[in-house]
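Structure data (TSV, C-alpha atoms) from coords-v5.tsv:
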chain	number	residue	atom	x	y	z
J	1	MET	CA	-6.31	91.49	-127.15
J	2	GLU	CA	-2.83	90.00	-127.14
J	3	LEU	CA	-1.29	89.20	-123.76
J	4	GLY	CA	2.23	88.00	-122.99
J	5	LEU	CA	2.48	86.06	-119.71
J	6	LEU	CA	5.79	85.42	-117.95
J	7	TYR	CA	5.84	81.64	-117.77
J	8	SER	CA	7.94	79.13	-115.83
J	9	GLY	CA	6.02	75.90	-116.44
J	10	GLY	CA	5.07	75.90	-112.74
J	11	LYS	CA	1.57	75.63	-111.38
J	12	ASP	CA	1.05	79.32	-110.63
J	13	SER	CA	1.89	80.64	-114.08
J	14	THR	CA	-0.03	77.78	-115.75
J	15	LEU	CA	-3.12	78.54	-113.67
J	16	ALA	CA	-2.71	82.24	-114.47
J	17	ALA	CA	-2.71	81.32	-118.16
J	18	LEU	CA	-6.03	79.48	-117.78
J	19	VAL	CA	-7.61	82.42	-115.96
J	20	LEU	CA	-6.53	84.87	-118.67
J	21	ASP	CA	-7.30	82.57	-121.60
J	22	GLN	CA	-11.00	83.42	-121.50
J	23	PHE	CA	-10.36	87.10	-122.19
J	24	TYR	CA	-7.01	87.39	-124.02
J	25	ASP	CA	-4.99	85.74	-126.79
J	26	VAL	CA	-2.33	84.45	-124.41
J	27	THR	CA	1.30	83.83	-125.40
J	28	LEU	CA	3.31	82.04	-122.71
J	29	THR	CA	6.70	83.74	-122.58
J	30	THR	CA	9.67	82.21	-120.82
J	31	ALA	CA	12.38	84.70	-119.95
J	32	HIS	CA	15.88	83.26	-119.69
J	33	PHE	CA	19.58	84.08	-119.88
J	34	GLY	CA	20.62	81.16	-122.07
J	35	ILE	CA	22.54	79.64	-119.16
J	36	THR	CA	20.60	76.36	-119.04
J	37	ASP	CA	18.10	74.57	-121.27
J	38	ASP	CA	15.40	74.64	-118.59
J	39	TRP	CA	13.19	76.85	-120.78
J	40	LYS	CA	12.43	73.72	-122.82
J	41	HIS	CA	10.38	72.31	-119.94
J	42	ALA	CA	8.19	75.39	-120.03
J	43	ARG	CA	7.83	75.07	-123.80
J	44	ASP	CA	6.75	71.42	-123.42
J	45	THR	CA	4.09	72.30	-120.84
J	46	ALA	CA	2.88	75.22	-122.96
J	47	GLU	CA	2.52	72.84	-125.92
J	48	ALA	CA	0.71	70.21	-123.83
J	49	ALA	CA	-1.75	72.88	-122.73
J	50	GLY	CA	-2.17	74.22	-126.27
J	51	PHE	CA	-0.80	77.72	-125.72
J	52	ALA	CA	1.41	79.79	-127.99
J	53	PHE	CA	4.98	79.96	-126.64
J	54	GLU	CA	7.89	82.37	-126.97
J	55	ARG	CA	11.34	82.76	-125.45
J	56	LEU	CA	12.42	86.13	-124.17
J	57	GLU	CA	16.17	86.59	-123.89
J	58	LEU	CA	17.33	88.59	-120.92
J	59	GLU	CA	20.51	90.69	-120.65
J	60	PRO	CA	23.48	88.65	-119.34
J	61	ASP	CA	24.49	91.67	-117.25
J	62	VAL	CA	21.29	91.25	-115.24
J	63	ALA	CA	22.25	87.65	-114.34
J	64	ARG	CA	25.60	88.92	-113.10
J	65	GLU	CA	23.99	91.73	-111.12
J	66	ALA	CA	21.45	89.33	-109.58
J	67	ALA	CA	24.16	86.82	-108.67
J	68	ASP	CA	26.19	89.57	-107.01
J	69	ARG	CA	23.16	90.63	-105.05
J	70	ILE	CA	22.49	87.04	-103.92
J	71	ARG	CA	26.10	86.65	-102.76
J	72	GLU	CA	25.95	89.92	-100.83
J	73	ASP	CA	22.59	89.14	-99.23
J	74	GLY	CA	23.32	85.44	-98.59
J	75	TYR	CA	19.78	84.62	-99.82
J	76	PRO	CA	18.15	84.75	-103.26
J	77	ARG	CA	15.06	86.92	-102.76
J	78	ASN	CA	16.26	90.31	-103.96
J	79	GLY	CA	18.26	88.84	-106.81
J	80	ILE	CA	15.22	86.99	-108.13
J	81	GLN	CA	13.10	90.12	-107.71
J	82	LEU	CA	15.59	92.07	-109.80
J	83	VAL	CA	15.39	89.54	-112.63
J	84	HIS	CA	11.59	89.50	-112.53
J	85	HIS	CA	11.35	93.26	-112.92
J	86	HIS	CA	13.86	93.20	-115.76
J	87	ALA	CA	11.82	90.46	-117.46
J	88	LEU	CA	8.60	92.50	-117.14
J	89	GLU	CA	10.34	95.56	-118.60
J	90	ARG	CA	11.56	93.50	-121.55
J	91	LEU	CA	8.16	91.85	-122.05
J	92	ALA	CA	6.43	95.25	-122.01
J	93	THR	CA	8.36	96.27	-125.14
J	94	GLU	CA	7.34	93.19	-127.16
J	95	GLY	CA	4.18	94.69	-128.64
J	96	PHE	CA	1.54	92.97	-126.50
J	97	ASP	CA	-1.60	94.88	-125.41
J	98	ALA	CA	-1.12	93.47	-121.92
J	99	VAL	CA	1.57	91.65	-119.97
J	100	GLY	CA	1.22	89.57	-116.83
J	101	ASP	CA	2.68	87.11	-114.39
J	102	GLY	CA	1.54	84.42	-111.97
J	103	THR	CA	2.29	86.15	-108.67
J	104	ARG	CA	0.02	85.08	-105.81
J	105	ARG	CA	-1.33	87.13	-102.89
J	106	ASP	CA	1.05	85.44	-100.45
J	107	ASP	CA	4.18	85.42	-102.61
J	108	ARG	CA	7.21	86.97	-100.97
J	109	VAL	CA	9.17	86.91	-104.23
J	110	PRO	CA	8.65	87.97	-106.92
J	111	THR	CA	6.28	90.77	-106.03
J	112	VAL	CA	5.06	93.74	-108.07
J	113	SER	CA	3.70	96.65	-106.02
J	114	ARG	CA	0.76	98.74	-107.15
J	115	ALA	CA	3.12	101.65	-107.82
J	116	GLN	CA	5.47	99.44	-109.88
J	117	ALA	CA	2.51	98.09	-111.86
J	118	GLN	CA	1.24	101.59	-112.58
J	119	SER	CA	4.71	102.77	-113.61
J	120	LEU	CA	5.17	99.84	-115.99
J	121	GLU	CA	1.76	100.56	-117.55
J	122	ASP	CA	2.35	104.29	-117.92
J	123	ARG	CA	5.86	104.04	-119.36
J	124	HIS	CA	5.07	101.31	-121.90
J	125	GLY	CA	1.38	101.90	-122.68
J	126	VAL	CA	0.46	98.31	-121.79
J	127	ASP	CA	-1.79	96.84	-119.13
J	128	TYR	CA	-0.08	94.78	-116.43
J	129	VAL	CA	-2.26	92.05	-114.94
J	130	ALA	CA	-1.59	89.60	-112.11
J	131	PRO	CA	-4.65	87.35	-112.17
J	132	LEU	CA	-3.63	85.30	-109.12
J	133	SER	CA	-2.75	88.22	-106.89
J	134	GLY	CA	-6.19	88.04	-105.29
J	135	PHE	CA	-5.81	84.32	-104.49
J	136	GLY	CA	-4.06	82.90	-101.42
J	137	ARG	CA	-1.97	79.76	-101.33
J	138	ARG	CA	-4.79	77.42	-100.33
J	139	ALA	CA	-7.21	78.75	-102.96
J	140	VAL	CA	-4.51	78.30	-105.62
J	141	ASP	CA	-3.72	74.78	-104.42
J	142	ARG	CA	-7.37	73.79	-104.64
J	143	LEU	CA	-7.75	75.20	-108.16
J	144	VAL	CA	-4.52	73.51	-109.25
J	145	GLU	CA	-5.79	70.18	-107.95
J	146	ASP	CA	-8.88	70.49	-110.15
J	147	ALA	CA	-7.24	71.97	-113.21
J	148	LEU	CA	-3.66	70.73	-113.62
J	149	GLU	CA	-1.51	67.63	-113.65
J	150	VAL	CA	1.44	68.48	-111.44
J	151	THR	CA	4.75	66.84	-110.51
J	152	ALA	CA	6.29	68.02	-107.23
J	153	GLY	CA	9.67	67.52	-105.60
J	154	PRO	CA	12.72	69.23	-104.06
J	155	SER	CA	13.84	72.31	-105.98
J	156	GLU	CA	17.15	70.70	-106.95
J	157	GLU	CA	15.45	67.87	-108.84
J	158	ILE	CA	12.48	69.53	-110.50
J	159	PRO	CA	13.08	70.93	-113.98
J	160	ARG	CA	11.63	74.42	-114.21
J	161	ALA	CA	12.21	77.45	-116.30
J	162	ASP	CA	12.22	79.97	-113.49
J	163	TYR	CA	15.03	82.42	-112.91
J	164	GLU	CA	16.11	80.59	-109.77
J	165	ALA	CA	17.31	77.56	-111.75
J	166	GLU	CA	19.47	79.70	-114.03
J	167	LEU	CA	20.83	81.81	-111.18
J	168	ARG	CA	21.74	78.60	-109.34
J	169	ALA	CA	23.62	77.34	-112.39
J	170	PHE	CA	25.32	80.69	-112.87
J	171	ILE	CA	26.54	80.85	-109.27
J	172	ALA	CA	27.50	77.15	-109.21
J	173	GLU	CA	29.68	77.66	-112.27
J	174	GLU	CA	31.52	80.59	-110.71
J	175	ASP	CA	31.59	79.60	-107.03
J	176	GLY	CA	31.16	75.82	-107.06
J	177	PRO	CA	28.11	73.72	-106.11
J	178	GLU	CA	28.51	74.23	-102.35
J	179	ALA	CA	27.66	77.93	-102.82
J	180	ILE	CA	24.18	76.87	-103.93
J	181	ARG	CA	23.48	75.12	-100.65
J	182	GLU	CA	24.62	78.24	-98.84
J	183	TYR	CA	22.47	80.73	-100.72
J	184	PHE	CA	19.40	78.77	-101.82
J	185	PRO	CA	17.31	77.10	-99.11
J	186	ASP	CA	15.87	73.85	-100.42
J	187	HIS	CA	12.13	74.05	-100.99
J	188	GLU	CA	9.38	72.18	-102.73
J	189	GLN	CA	8.95	73.03	-106.41
J	190	THR	CA	6.37	71.92	-108.94
J	191	TYR	CA	6.04	71.71	-112.64
J	192	VAL	CA	2.97	71.14	-114.69
J	193	THR	CA	2.67	68.30	-117.17
J	194	ASP	CA	-0.85	68.93	-118.50
J	195	VAL	CA	-4.12	70.78	-118.16
J	196	ALA	CA	-7.46	69.11	-117.40
J	197	ASP	CA	-9.78	68.41	-120.33
J	198	GLY	CA	-12.39	71.12	-120.81
J	199	LEU	CA	-10.18	73.94	-119.55
J	200	ARG	CA	-8.47	74.37	-122.92
E	1	MET	CA	-16.30	74.04	-105.40
E	2	GLU	CA	-19.06	76.41	-104.36
E	3	LEU	CA	-18.24	80.11	-104.32
E	4	GLY	CA	-20.38	83.01	-103.11
E	5	LEU	CA	-19.51	86.33	-104.76
E	6	LEU	CA	-20.62	89.68	-103.33
E	7	TYR	CA	-22.55	91.13	-106.23
E	8	SER	CA	-23.86	94.62	-107.05
E	9	GLY	CA	-24.86	94.22	-110.70
E	10	GLY	CA	-22.01	96.57	-111.63
E	11	LYS	CA	-19.31	95.84	-114.16
E	12	ASP	CA	-16.59	94.89	-111.70
E	13	SER	CA	-18.52	92.23	-109.83
E	14	THR	CA	-20.02	90.90	-113.08
E	15	LEU	CA	-16.55	90.60	-114.64
E	16	ALA	CA	-15.31	88.93	-111.44
E	17	ALA	CA	-18.12	86.38	-111.81
E	18	LEU	CA	-16.99	85.54	-115.36
E	19	VAL	CA	-13.38	85.09	-114.24
E	20	LEU	CA	-14.38	82.73	-111.42
E	21	ASP	CA	-17.02	80.86	-113.41
E	22	GLN	CA	-14.41	78.67	-115.10
E	23	PHE	CA	-13.24	77.21	-111.78
E	24	TYR	CA	-16.13	77.49	-109.29
E	25	ASP	CA	-19.89	76.98	-109.04
E	26	VAL	CA	-20.59	80.69	-108.58
E	27	THR	CA	-23.59	82.07	-106.70
E	28	LEU	CA	-24.00	85.83	-107.06
E	29	THR	CA	-24.92	87.16	-103.64
E	30	THR	CA	-26.32	90.63	-103.12
E	31	ALA	CA	-25.97	91.89	-99.58
E	32	HIS	CA	-28.57	94.46	-98.51
E	33	PHE	CA	-30.34	96.01	-95.54
E	34	GLY	CA	-33.86	95.86	-96.93
E	35	ILE	CA	-33.93	99.68	-97.17
E	36	THR	CA	-34.50	99.86	-100.94
E	37	ASP	CA	-35.45	97.39	-103.68
E	38	ASP	CA	-32.20	98.00	-105.56
E	39	TRP	CA	-31.15	94.37	-105.04
E	40	LYS	CA	-33.67	93.46	-107.76
E	41	HIS	CA	-31.46	95.09	-110.40
E	42	ALA	CA	-28.62	92.78	-109.39
E	43	ARG	CA	-30.96	89.80	-109.52
E	44	ASP	CA	-32.06	90.75	-113.05
E	45	THR	CA	-28.47	91.03	-114.27
E	46	ALA	CA	-27.56	87.74	-112.59
E	47	GLU	CA	-30.48	86.08	-114.38
E	48	ALA	CA	-29.55	87.63	-117.73
E	49	ALA	CA	-26.02	86.26	-117.31
E	50	GLY	CA	-27.29	82.83	-116.22
E	51	PHE	CA	-25.87	82.80	-112.70
E	52	ALA	CA	-27.44	81.50	-109.51
E	53	PHE	CA	-28.52	84.40	-107.27
E	54	GLU	CA	-29.09	84.87	-103.54
E	55	ARG	CA	-29.88	87.73	-101.22
E	56	LEU	CA	-27.88	88.16	-98.05
E	57	GLU	CA	-29.59	90.23	-95.36
E	58	LEU	CA	-27.30	92.46	-93.36
E	59	GLU	CA	-27.80	93.65	-89.77
E	60	PRO	CA	-29.76	96.95	-89.59
E	61	ASP	CA	-27.38	98.05	-86.82
E	62	VAL	CA	-24.56	98.04	-89.35
E	63	ALA	CA	-26.45	100.49	-91.60
E	64	ARG	CA	-26.87	102.81	-88.62
E	65	GLU	CA	-23.21	102.51	-87.66
E	66	ALA	CA	-22.10	103.15	-91.25
E	67	ALA	CA	-24.43	106.18	-91.56
E	68	ASP	CA	-23.05	107.61	-88.32
E	69	ARG	CA	-19.54	107.14	-89.60
E	70	ILE	CA	-20.37	108.89	-92.89
E	71	ARG	CA	-21.90	111.84	-91.02
E	72	GLU	CA	-18.84	112.12	-88.76
E	73	ASP	CA	-16.36	111.85	-91.64
E	74	GLY	CA	-18.33	113.97	-94.11
E	75	TYR	CA	-17.56	111.43	-96.85
E	76	PRO	CA	-18.73	107.85	-97.46
E	77	ARG	CA	-15.51	105.85	-97.77
E	78	ASN	CA	-15.12	104.40	-94.27
E	79	GLY	CA	-18.83	103.76	-93.89
E	80	ILE	CA	-18.93	101.75	-97.12
E	81	GLN	CA	-15.79	99.89	-96.06
E	82	LEU	CA	-17.47	98.94	-92.78
E	83	VAL	CA	-20.50	97.52	-94.61
E	84	HIS	CA	-18.30	95.57	-97.04
E	85	HIS	CA	-16.39	93.85	-94.25
E	86	HIS	CA	-19.63	93.02	-92.47
E	87	ALA	CA	-21.01	91.56	-95.70
E	88	LEU	CA	-17.92	89.38	-96.18
E	89	GLU	CA	-18.17	88.13	-92.59
E	90	ARG	CA	-21.81	87.22	-93.14
E	91	LEU	CA	-21.09	85.56	-96.50
E	92	ALA	CA	-18.26	83.50	-94.96
E	93	THR	CA	-20.78	81.76	-92.67
E	94	GLU	CA	-23.12	80.73	-95.50
E	95	GLY	CA	-21.46	77.38	-96.21
E	96	PHE	CA	-19.53	78.22	-99.39
E	97	ASP	CA	-16.05	76.74	-99.97
E	98	ALA	CA	-14.89	80.17	-101.09
E	99	VAL	CA	-16.17	83.73	-100.98
E	100	GLY	CA	-15.10	86.67	-103.11
E	101	ASP	CA	-15.71	90.18	-104.32
E	102	GLY	CA	-14.97	92.37	-107.33
E	103	THR	CA	-12.41	94.74	-105.81
E	104	ARG	CA	-9.89	96.11	-108.33
E	105	ARG	CA	-6.20	96.94	-107.88
E	106	ASP	CA	-6.91	100.67	-107.90
E	107	ASP	CA	-10.06	100.68	-105.76
E	108	ARG	CA	-9.93	103.04	-102.80
E	109	VAL	CA	-13.11	101.57	-101.34
E	110	PRO	CA	-13.94	98.87	-100.57
E	111	THR	CA	-10.54	97.32	-99.97
E	112	VAL	CA	-9.54	94.08	-98.26
E	113	SER	CA	-5.94	93.94	-97.05
E	114	ARG	CA	-3.87	90.79	-97.19
E	115	ALA	CA	-4.07	90.52	-93.39
E	116	GLN	CA	-7.86	90.94	-93.44
E	117	ALA	CA	-8.16	88.29	-96.16
E	118	GLN	CA	-6.01	85.85	-94.20
E	119	SER	CA	-7.99	86.51	-91.01
E	120	LEU	CA	-11.33	85.91	-92.76
E	121	GLU	CA	-9.99	82.65	-94.21
E	122	ASP	CA	-8.55	81.40	-90.91
E	123	ARG	CA	-11.59	82.24	-88.78
E	124	HIS	CA	-14.18	80.80	-91.15
E	125	GLY	CA	-12.27	78.01	-92.93
E	126	VAL	CA	-13.12	79.45	-96.37
E	127	ASP	CA	-10.96	80.80	-99.17
E	128	TYR	CA	-11.33	84.51	-99.93
E	129	VAL	CA	-10.63	85.45	-103.55
E	130	ALA	CA	-10.52	88.83	-105.27
E	131	PRO	CA	-10.05	87.91	-108.93
E	132	LEU	CA	-9.79	91.53	-110.16
E	133	SER	CA	-7.32	92.72	-107.53
E	134	GLY	CA	-4.46	92.18	-109.99
E	135	PHE	CA	-6.17	94.27	-112.70
E	136	GLY	CA	-5.99	98.07	-112.97
E	137	ARG	CA	-8.79	100.32	-114.11
E	138	ARG	CA	-7.82	100.39	-117.78
E	139	ALA	CA	-7.40	96.62	-118.01
E	140	VAL	CA	-10.84	96.15	-116.42
E	141	ASP	CA	-12.41	98.71	-118.76
E	142	ARG	CA	-11.01	96.92	-121.80
E	143	LEU	CA	-12.25	93.53	-120.62
E	144	VAL	CA	-15.67	94.99	-119.81
E	145	GLU	CA	-15.91	96.45	-123.29
E	146	ASP	CA	-15.38	92.98	-124.79
E	147	ALA	CA	-17.44	90.99	-122.33
E	148	LEU	CA	-20.38	93.02	-121.02
E	149	GLU	CA	-23.29	95.21	-122.06
E	150	VAL	CA	-23.09	98.19	-119.75
E	151	THR	CA	-25.24	101.24	-119.02
E	152	ALA	CA	-23.43	104.18	-117.43
E	153	GLY	CA	-24.59	107.42	-115.84
E	154	PRO	CA	-24.44	109.63	-112.74
E	155	SER	CA	-24.62	107.69	-109.49
E	156	GLU	CA	-27.97	109.26	-108.56
E	157	GLU	CA	-29.70	107.89	-111.63
E	158	ILE	CA	-28.18	104.45	-112.09
E	159	PRO	CA	-29.97	101.60	-110.32
E	160	ARG	CA	-27.41	99.46	-108.52
E	161	ALA	CA	-27.43	97.12	-105.61
E	162	ASP	CA	-24.32	98.43	-103.93
E	163	TYR	CA	-24.26	99.55	-100.33
E	164	GLU	CA	-23.89	103.17	-101.34
E	165	ALA	CA	-27.41	103.29	-102.74
E	166	GLU	CA	-28.93	101.98	-99.53
E	167	LEU	CA	-26.78	104.18	-97.31
E	168	ARG	CA	-27.86	107.18	-99.40
E	169	ALA	CA	-31.49	106.24	-98.91
E	170	PHE	CA	-30.98	105.65	-95.19
E	171	ILE	CA	-29.32	109.03	-94.66
E	172	ALA	CA	-31.80	110.84	-96.91
E	173	GLU	CA	-34.67	109.48	-94.84
E	174	GLU	CA	-33.17	110.66	-91.57
E	175	ASP	CA	-31.42	113.88	-92.64
E	176	GLY	CA	-33.23	114.90	-95.82
E	177	PRO	CA	-32.03	114.77	-99.43
E	178	GLU	CA	-29.64	117.71	-99.13
E	179	ALA	CA	-27.46	115.63	-96.77
E	180	ILE	CA	-26.76	113.28	-99.67
E	181	ARG	CA	-25.25	116.03	-101.78
E	182	GLU	CA	-23.07	116.95	-98.82
E	183	TYR	CA	-21.70	113.51	-98.07
E	184	PHE	CA	-21.71	111.70	-101.42
E	185	PRO	CA	-19.72	113.23	-104.26
E	186	ASP	CA	-21.46	112.55	-107.56
E	187	HIS	CA	-19.59	110.06	-109.69
E	188	GLU	CA	-20.13	107.88	-112.70
E	189	GLN	CA	-21.73	104.51	-111.96
E	190	THR	CA	-22.48	101.58	-114.21
E	191	TYR	CA	-24.73	98.61	-114.24
E	192	VAL	CA	-24.60	95.59	-116.44
E	193	THR	CA	-27.50	94.47	-118.58
E	194	ASP	CA	-26.01	91.36	-120.19
E	195	VAL	CA	-22.92	89.24	-120.84
E	196	ALA	CA	-21.45	88.61	-124.29
E	197	ASP	CA	-22.35	85.34	-126.02
E	198	GLY	CA	-19.74	82.65	-125.51
E	199	LEU	CA	-18.68	83.84	-122.07
E	200	ARG	CA	-21.55	82.01	-120.35
Taking this structure as input, can you express it in the form of structure tokens?
Amino acid sequence: MELGLLYSGGKDSTLAALVLDQFYDVTLTTAHFGITDDWKHARDTAEAAGFAFERLELEPDVAREAADRIREDGYPRNGIQLVHHHALERLATEGFDAVGDGTRRDDRVPTVSRAQAQSLEDRHGVDYVAPLSGFGRRAVDRLVEDALEVTAGPSEEIPRADYEAELRAFIAEEDGPEAIREYFPDHEQTYVTDVADGLR
Amino acid sequence: MELGLLYSGGKDSTLAALVLDQFYDVTLTTAHFGITDDWKHARDTAEAAGFAFERLELEPDVAREAADRIREDGYPRNGIQLVHHHALERLATEGFDAVGDGTRRDDRVPTVSRAQAQSLEDRHGVDYVAPLSGFGRRAVDRLVEDALEVTAGPSEEIPRADYEAELRAFIAEEDGPEAIREYFPDHEQTYVTDVADGLR
């Protein structure tokens, strides 16, 4: 079975890929607006890990809508959530038997509720799977330590192909760089450079 | 890392074992009250699949409490839930780094909420993982079709080492067999006889 996994190059989505790899033909799919070149980092990690890779272009209108939402809220959570659901909708029309993401049990954003998962499956005739949603932060960290080579640092400095990076760039371009510090709290980010031998 | 997985010999917990096998040293652990010999079916499937196997003896008081609850409710859901949580508590004290079960996204019973998972982890210093909780029924069925040899039939006829079988036997002994038809709706059950080549 063919599965398309939303992929950022971060540790969660890379670990999700390894979990699914045993059962599906996994294509790592990085959704982006074409605002930055950050998707290339995800492609490089996908190649290092030996996975098929695709880009999925998102609607520019959704970036605008998400940025507006972030400005209104004063924090990024709902804007990122909006982009994630749009990305899943787009991915579900790409012809895969199943689609998935790397959301964890403890994630506050993005999240996909059971009702949203069921709706996505029913409307598009695909399975939606979230292989890490039954794993907490510490369990994921322990598996990552065994399975992945990871580089960590502040979110401003770490190259990642998640929506946050593009939404930051989008807002910075329109509102100036100080807007970023206002809306996006600084937090630790990671990206994966390789996968342990034997797991691929 | 050592992981103890609550194991019934059914398709969900067998599939959960295969998912976890890539990352953990998995011991399949069948919790039972010593009321029936159904645990031997789980042991046979564990052996066929090449997994380590252990029995976990539950407190007889919990069987009584669960049976009382089922009689009061008129249906088995809360009684089975009670036994599952007791089994997880017992398993969490067995010295594993992580414990888990085969609960699916759509399961109505047993379920483990995020708060219950966090509490179990904090009190016992173990990780709790539910590798199928991000998979719906259809996704699980498709994976099972690829990965497992399964026998299906009505729940009365299929030998399984889940709590329901023992609670049925317990109630039948005290209240007679007609009580079973009153409390337990008949439903399709499965047990696994083997795992596809290449997955173990």
Find the residues near range 131-139 of chain E: any atom within 7 Å, counting all atoms listed in the file, skip ones fewer than 6 places away on the same chain, and give them as a CSV table (one decimal) with C-alpha atoms, in the frame of the given file.
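The result, stored in part-v7.csv:
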chain,number,residue,atom,x,y,z
J,127,ASP,CA,-1.8,96.8,-119.1
J,129,VAL,CA,-2.3,92.0,-114.9
J,130,ALA,CA,-1.6,89.6,-112.1
J,131,PRO,CA,-4.6,87.4,-112.2
J,132,LEU,CA,-3.6,85.3,-109.1
J,133,SER,CA,-2.8,88.2,-106.9
J,134,GLY,CA,-6.2,88.0,-105.3
E,16,ALA,CA,-15.3,88.9,-111.4
E,19,VAL,CA,-13.4,85.1,-114.2
E,102,GLY,CA,-15.0,92.4,-107.3
E,103,THR,CA,-12.4,94.7,-105.8
E,104,ARG,CA,-9.9,96.1,-108.3
E,105,ARG,CA,-6.2,96.9,-107.9
E,106,ASP,CA,-6.9,100.7,-107.9
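As for CA of Glu166 in chain J and CA of Thr151 in chain J, they are spaced 19.9 Å apart.
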### Query
Between CA of Ala52 in chain J and CA of Thr190 in chain J, what is the distance, to one decimal in Å?
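Result for CA of Ala52 in chain J versus CA of Thr190 in chain J: 21.2 Å, one decimal.
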### Message
List as a list in words the protein and nucleic acid residues near range 56-66 of chain E, meaning an atom at most 6 Å away when only C-alpha atoms are counted, but skip any in the same chain fewer than 5 places from it.
### Response
Thr30, Ala31, His32, Phe33 and Gly79 of chain E
### Message
as a PyMOL selection string, please: the residues near Gly153 in chain E (cut-off 9 Å, all atoms listed in the file, same-chain neighbours under 6 positions excluded).
### Response
chain E and resi 187-191
### Message
Just to confirm, what's the straight-line distance from CA of Ala196 in chain E to CA of Glu47 in chain E in Å (one decimal)?
### Response
13.6 Å
Quick one: residues within 8 Å of range 84-94 of chain E, only C-alpha atoms, excluding same-chain residues fewer than 3 positions away - as a compact mmCIF listing (two decimals) with C-alpha atoms, in the coordinates of the input?
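The file below, out23.txt, is the result:
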# COMPACT_ATOMS: atom_id res chain seq x y z
CA GLY E 4 -20.38 83.01 -103.11
CA LEU E 6 -20.62 89.68 -103.33
CA ALA E 31 -25.97 91.89 -99.58
CA LEU E 56 -27.88 88.16 -98.05
CA LEU E 58 -27.30 92.46 -93.36
CA VAL E 62 -24.56 98.04 -89.35
CA ILE E 80 -18.93 101.75 -97.12
CA GLN E 81 -15.79 99.89 -96.06
CA ALA E 98 -14.89 80.17 -101.09
CA VAL E 99 -16.17 83.73 -100.98
CA GLY E 100 -15.10 86.67 -103.11
CA PRO E 110 -13.94 98.87 -100.57
CA VAL E 112 -9.54 94.08 -98.26
CA LEU E 120 -11.33 85.91 -92.76
CA HIS E 124 -14.18 80.80 -91.15
CA VAL E 126 -13.12 79.45 -96.37
CA TYR E 163 -24.26 99.55 -100.33
Near-Pro76 in chain E list (12 Å; all atoms listed in the file; drop same-chain fewer than 6 positions) as an mmCIF file with C-alpha atoms, in the frame of the given file:
data_model
loop_
_atom_site.group_PDB
_atom_site.id
_atom_site.type_symbol
_atom_site.label_atom_id
_atom_site.label_comp_id
_atom_site.auth_asym_id
_atom_site.auth_seq_id
_atom_site.Cartn_x
_atom_site.Cartn_y
_atom_site.Cartn_z
ATOM 1 C CA ALA E 66 -22.100 103.150 -91.250
ATOM 2 C CA ALA E 67 -24.430 106.180 -91.560
ATOM 3 C CA ASP E 68 -23.050 107.610 -88.320
ATOM 4 C CA ARG E 69 -19.540 107.140 -89.600
ATOM 5 C CA ILE E 70 -20.370 108.890 -92.890
ATOM 6 C CA LEU E 82 -17.470 98.940 -92.780
ATOM 7 C CA VAL E 83 -20.500 97.520 -94.610
ATOM 8 C CA ARG E 108 -9.930 103.040 -102.800
ATOM 9 C CA VAL E 109 -13.110 101.570 -101.340
ATOM 10 C CA PRO E 110 -13.940 98.870 -100.570
ATOM 11 C CA TYR E 163 -24.260 99.550 -100.330
ATOM 12 C CA GLU E 164 -23.890 103.170 -101.340
ATOM 13 C CA ALA E 165 -27.410 103.290 -102.740
ATOM 14 C CA GLU E 166 -28.930 101.980 -99.530
ATOM 15 C CA LEU E 167 -26.780 104.180 -97.310
ATOM 16 C CA ARG E 168 -27.860 107.180 -99.400
ATOM 17 C CA ILE E 171 -29.320 109.030 -94.660
ATOM 18 C CA ALA E 179 -27.460 115.630 -96.770
ATOM 19 C CA ILE E 180 -26.760 113.280 -99.670
ATOM 20 C CA ARG E 181 -25.250 116.030 -101.780
ATOM 21 C CA GLU E 182 -23.070 116.950 -98.820
ATOM 22 C CA TYR E 183 -21.700 113.510 -98.070
ATOM 23 C CA PHE E 184 -21.710 111.700 -101.420
ATOM 24 C CA PRO E 185 -19.720 113.230 -104.260
ATOM 25 C CA ASP E 186 -21.460 112.550 -107.560
#
### Top pick for closest residue to chain J, considering E:Arg200, E:Arg114, E:Arg160, E:Arg71 and counting all atoms listed in the file
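Result for the nearest residue to chain J: E:Arg114.
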### Task
For each of J:Gly125, J:Pro154, J:Gly9, J:Gly74, take the minimum atom-to-atom distance to chain E, counting all atoms listed in the file, then give the residue where this is smallest.
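Between J:Gly125, J:Pro154, J:Gly9, J:Gly74, the residue approaching chain E most closely is J:Gly125.
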### Task
Around the point (-20.6, 86.7, -130.3) in the file's coordinates, collect all residues with an atom within 10 Å, using only C-alpha atoms, and return them as an MDAnalysis selection string.
chainID E and resid 146:147 196:199
